[in-house]
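Notes to accompany the following structure.
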Amino acid sequence: MTEKSSITLTINGRDHAIKVEARRTLADAIREDCGQTGTHIGCEHGVCGACTVIVDGEPVRSCLMFAAQAAGKQIRTVEGLAKGDTLHPMQQAFMDHHGLQCGFCTPGFLMLAVGVLEREPDISDDDLIDVLSSNLCRCTGYQNIIKAVRAAAKEMRK
Amino acid sequence: MKPAPFIRHVPKTLDEAVKILAQVAPQDGRVLAGGQSLVPIMAFRLAKPAHLVDINEIDGLDRIASDGTTLSIGACVRHGAFHKSVVGNPLGALLTFVARHIAHYPIRMRGTFCGSLAHADPSSEWCLTAATLDATIVARSTRGERPIPAREFFAGIMSTALAEDELLAEVRLPLLSPDTKFGFNEFSRRAGDFAMSAALVTYRLQGGKIAEARVGVGGAEPFPRRIAQAEAALNGQPPGDKAFRAAAEAAANAVEAMEDHQTSAEYRRDLVRAVVRRALEHSNR
């Protein structure tokens, strides 16, 4: 056990003052230290994408970033997507198009898709498929995820 | 799988970074840039560095600059910076095309060009680019700055000419002649996975004949390199199926293909033939 340092993570606009070891990943800090368990941890080595969050506007793997590196940055997780009882267009589209079954990969897919579409609203359908190849889903076969994200992309461009 | 404990150092300047690196390098200190290769290796406990020198908070390392002959890429320039062309030169389009093949979008938001070179995975797209275009790799330490030509930089699988106290501060790529054509192709089992073979080619056309051909092959040998025999098969020939097949055959014959638990050397040699031909076909669009 090495020394812990005090940092503040800003998640969905709320500050969390926590103490972490240098080796604490952002994914673990979000879940264990800040109690925001919507972000899921699958492989812990950057392959599955379940832990994808948005840091300063960029979708990133939170298992490949240390918590201390995210101090002072704006972190967004799946908990921040809905506005009260109104789902984010991406969440609504995943429901409407059956873009999920067990739901384990869903927070990662939502943050990936929202993060990319906010950066590149006019991204082509082909490029979207390339983006969605970033994350793994073992239930849906991806087709409904692609449908959902394309539908949400149209909605978000309005 | 969690990384082993380490002490994180957060220098604010490059001078401070190399000073710290000089102190901690003998105690297994390493540089942390994007972390998209290093952190997984740490999670697997294949690497247990006692110190990490995190260079992400140093101002100016994300700088991309062109002086008219050279493109300089700073130590913290992310792969994603190349999603759009960074320079009004065929090199800009080449880098954009190649960048799309690196891992996946969120990895490209964090991983760095220079970090890829320092990591020196045999299948790295940027290592192939550096070798094919004869990049200059700039190493910094408390002893000063040392430019290293790409052909002397790569030493083996994940092994380079960098000393343990040297930080890869910058990579310089030569700008290409405005009429340069390029082509790239790689083969991997899954989208975003490590390339089992990759090829990058550039050349100019003079009177309808190929000139100044460069053929780089990655993923097949311990490190990427230019294949002189394939370049010789192209120079002086008109671009087309005959020259492309001859160059692909020359490349396949020239490589000493690696074997692993999934892939025989013979299969990898076949892949080299295919990716070189496809890269050349891509160049002729």
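Going through the structure tokens in order, the chains are called A, B, and so on, while each chain numbers its residues from 1 and the ligands are numbered from 1 in the order shown.
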### Task
Would you list, as a PyMOL selection string, the residues of stretch 60-266 of chain B that end up in strand (DSSP E or B) under DSSP run on this structure's backbone?
chain B and resi 64-66+70-74+78+112+136-141+144-149+154-156+159-160+167-174+181-187+197-206+209-218+225-226
### Task
Fewer than 5 positions away in the same chain doesn't count, so skip those; otherwise give me all residues within 9 Å of B:Thr13, counting only C-alpha atoms, as an NGL selection string.
:B and (18 or 55 or 57-59)
So that I have them on file, write out the residues from the current selection with N, CA and C atoms, as a PDB file, in the first residue's frame.
```pdb
ATOM      1  N   VAL B  18      12.840  15.290 -17.320  1.00  0.00           N
ATOM      2  CA  VAL B  18      14.035  14.474 -17.576  1.00  0.00           C
ATOM      3  C   VAL B  18      14.914  14.377 -16.323  1.00  0.00           C
ATOM      4  N   ILE B  55       3.756  12.883 -18.011  1.00  0.00           N
ATOM      5  CA  ILE B  55       4.112  14.108 -18.759  1.00  0.00           C
ATOM      6  C   ILE B  55       2.883  14.843 -19.301  1.00  0.00           C
ATOM      7  N   GLU B  57       0.861  16.888 -17.927  1.00  0.00           N
ATOM      8  CA  GLU B  57       0.584  18.256 -17.460  1.00  0.00           C
ATOM      9  C   GLU B  57       1.666  19.252 -17.876  1.00  0.00           C
ATOM     10  N   ILE B  58       2.549  18.820 -18.778  1.00  0.00           N
ATOM     11  CA  ILE B  58       3.569  19.736 -19.302  1.00  0.00           C
ATOM     12  C   ILE B  58       2.981  20.506 -20.483  1.00  0.00           C
ATOM     13  N   ASP B  59       3.016  21.822 -20.383  1.00  0.00           N
ATOM     14  CA  ASP B  59       2.463  22.655 -21.460  1.00  0.00           C
ATOM     15  C   ASP B  59       3.288  22.509 -22.739  1.00  0.00           C
TER      16      ASP B  59
END
```
Each residue of chain B lying at most 9 Å from chain A should get a row with its shortest atom-to-atom pair and the distance in Å to one decimal, counting only C-alpha atoms; could you produce that, ordered by chain and increasing number, as CSV?
```
residue,atom,partner,partner_atom,distance
B:Met1,CA,A:Glu44,CA,6.5
B:Lys2,CA,A:Arg23,CA,7.8
B:Pro3,CA,A:Arg23,CA,6.1
B:Ala4,CA,A:Arg23,CA,6.9
B:Pro5,CA,A:Arg23,CA,5.7
B:Phe6,CA,A:Arg23,CA,6.5
B:Ile7,CA,A:Ala22,CA,6.4
B:Arg8,CA,A:Ala22,CA,6.1
B:Gly34,CA,A:Met65,CA,8.4
B:Gly35,CA,A:Leu64,CA,6.6
B:Gln36,CA,A:Leu64,CA,6.1
B:Ser37,CA,A:Leu64,CA,8.7
B:Leu38,CA,A:Leu64,CA,8.8
B:Val39,CA,A:Leu64,CA,5.7
B:Pro40,CA,A:His45,CA,4.6
B:Ile41,CA,A:His45,CA,8.0
B:Met42,CA,A:His45,CA,9.0
B:Ala43,CA,A:His45,CA,6.5
B:Phe44,CA,A:His45,CA,7.9
B:Asp54,CA,A:Gln69,CA,8.7
B:Asn56,CA,A:Gln69,CA,8.3
B:Glu57,CA,A:Gln69,CA,9.0
B:Arg100,CA,A:Asp130,CA,9.0
B:Ala103,CA,A:Ser134,CA,8.0
B:His104,CA,A:Ser134,CA,5.1
B:Tyr105,CA,A:Val131,CA,5.9
B:Pro106,CA,A:Val60,CA,4.6
B:Ile107,CA,A:Val60,CA,6.6
B:Arg108,CA,A:Val60,CA,8.6
B:Met109,CA,A:Glu58,CA,6.6
B:Arg110,CA,A:Val60,CA,7.1
B:Ala191,CA,A:Ser133,CA,6.7
B:Gly192,CA,A:Ser134,CA,7.5
```
### Query
What separation in Å, quoted to one decimal, exists between atom CA of B:Thr70 and atom CA of B:Asp15?
23.9 Å
### Message
Quick one: residues within 12 Å of A:Ala93, only C-alpha atoms, excluding same-chain residues fewer than 2 positions away - as JSON, numbers by chain?
### Response
{"A": [87, 88, 89, 90, 91, 95, 96, 97, 98, 99, 100, 106, 110, 113, 114, 144, 145, 146, 147, 148, 149, 150, 151, 152, 153, 154, 155, 156]}
### Task
Grab the atom CA of B:Arg226 to atom CA of B:Val276 distance for me, in Å with one decimal place.
11.6 Å
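What separates atom CA of B:Glu249 from atom CA of B:Gly208 is a distance of 22.3 Å.
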### 8 Å contact set for B:Thr160, only C-alpha atoms, chain neighbours under 5 positions out, as a PyMOL selection string
chain B and resi 118+120+153-155
Take the residues from that selection and put them in a file with N, CA and C atoms, as an mmCIF file, in the first residue's frame.
```
data_model
loop_
_atom_site.group_PDB
_atom_site.id
_atom_site.type_symbol
_atom_site.label_atom_id
_atom_site.label_comp_id
_atom_site.auth_asym_id
_atom_site.auth_seq_id
_atom_site.Cartn_x
_atom_site.Cartn_y
_atom_site.Cartn_z
ATOM 1 N N ALA B 118 7.853 4.880 -28.671
ATOM 2 C CA ALA B 118 8.642 4.452 -27.506
ATOM 3 C C ALA B 118 8.274 3.024 -27.096
ATOM 4 N N ALA B 120 7.053 0.701 -29.201
ATOM 5 C CA ALA B 120 7.651 -0.103 -30.282
ATOM 6 C C ALA B 120 7.051 -1.494 -30.437
ATOM 7 N N PHE B 153 16.562 3.438 -34.715
ATOM 8 C CA PHE B 153 15.777 3.563 -33.477
ATOM 9 C C PHE B 153 15.218 2.229 -32.996
ATOM 10 N N PHE B 154 14.644 1.471 -33.937
ATOM 11 C CA PHE B 154 13.993 0.223 -33.539
ATOM 12 C C PHE B 154 15.037 -0.881 -33.400
ATOM 13 N N ALA B 155 14.969 -1.598 -32.276
ATOM 14 C CA ALA B 155 16.017 -2.581 -31.987
ATOM 15 C C ALA B 155 15.464 -3.999 -31.856
#
```
### Message
Could you go through stretch 145-219 of chain B and tell me which residues DSSP, when run on the backbone, assigns to alpha helix (DSSP H), listing them as a PyMOL selection string?
### Response
chain B and resi 150-153
### Task
Return the single residue from A:Arg31, A:Phe94, A:Ala71, A:Gly80 that is closest to A:Ser6, with distances computed using only C-alpha atoms.
A:Ala71
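Counting only C-alpha atoms and comparing B:Val138, B:Ala161, B:Ala81, B:Met196, the residue that lies closest to B:Ser123 is B:Met196.
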### Task
Find the spatial neighbours of A:Val78, counting only C-alpha atoms, within a cut-off of 9 Å - ignore same-chain residues fewer than 6 positions away - and output them as number ranges by chain.
A: 12, 38-39, 53, 107-108, 110-111
### Task
Could you check which of B:Arg189, B:Ile102, B:Thr132, B:Leu52 is closest to B:Gln262, using only C-alpha atoms?
B:Arg189
